[in-house]
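> The following block contains the structure, expressed as structure tokens.
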Amino acid sequence: MLRLQHRQASALAAEAEALTEAYRRATWVRFTLVFFPVPFVVVLLRLDLESWHYYLAGAAYLGFSALLYSLDTRASDKCDEAVRSAGRARQAYELASHSTSPL
């Protein structure tokens with residue numbers, strides 16, 4: 001029973017670490033995809049844009065930013081839940097190991 005809890009706690013900790021690392025690696029890609037294309041296109045085409053194009057670019061920028069925030073929040077919450085789950089499993093293992101150890 002104790003070995004099973006230890007194995008489960010270790011597996012959950014490894015999963016949480018893998019999710020967190022994947023989140024960290026993917027975050028800069030998401031930020032680049034949001035904060036680079038719209039301003040780059042505006043700068044690139046600034047001499048050919050009509051005034052209403054700037055409003056459209058601003059709306060696209062805000063829309064992409066909201067999408068990024070939504071995706072990033074979902075990924076962050078998933079990592080946080082995995083870390084909490086690993087912590088609870090580790091705590092249960094430690095509690096079980098202390099209650100079964102002789103004094």
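In the structure tokens, chains take the letters A, B, ... in the order shown, each chain's residues start at 1, and ligands count up from 1 in the order shown.
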Write out as a count of residues only which residues come within 12 Å of A:Asp80 when counting only C-alpha atoms, dropping same-chain ones fewer than 3 positions away.
17
> Which polymer residues have any atom within 12 Å of an atom of A:Leu62, counting only C-alpha atoms, with same-chain residues fewer than 6 positions away left out, as a list in words?
Val34, Phe35, Val38, Pro39, Tyr55, Leu56, Leu68 and Tyr69 of chain A
> Calculate how many Å separate atom CA of A:Val29 from atom CA of A:Leu49, rounding to one decimal.
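Distance reported for this atom pair: 27.7 Å.
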> Between atom CA of A:Cys79 and atom CA of A:Tyr61, what is the spacing in Å?
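Value for the atom CA of A:Tyr61-atom CA of A:Cys79 distance: 26.6 Å.
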> Using Å and a single decimal, report how far atom CA of A:Trp28 sits from atom CA of A:Ala11.
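About the pair atom CA of A:Ala11 and atom CA of A:Trp28: they are 27.0 Å apart.
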> Measuring atom to atom with only C-alpha atoms, identify which of A:His98, A:His6, A:Arg46, A:Lys78 is nearest to A:Ala22.
A:Lys78
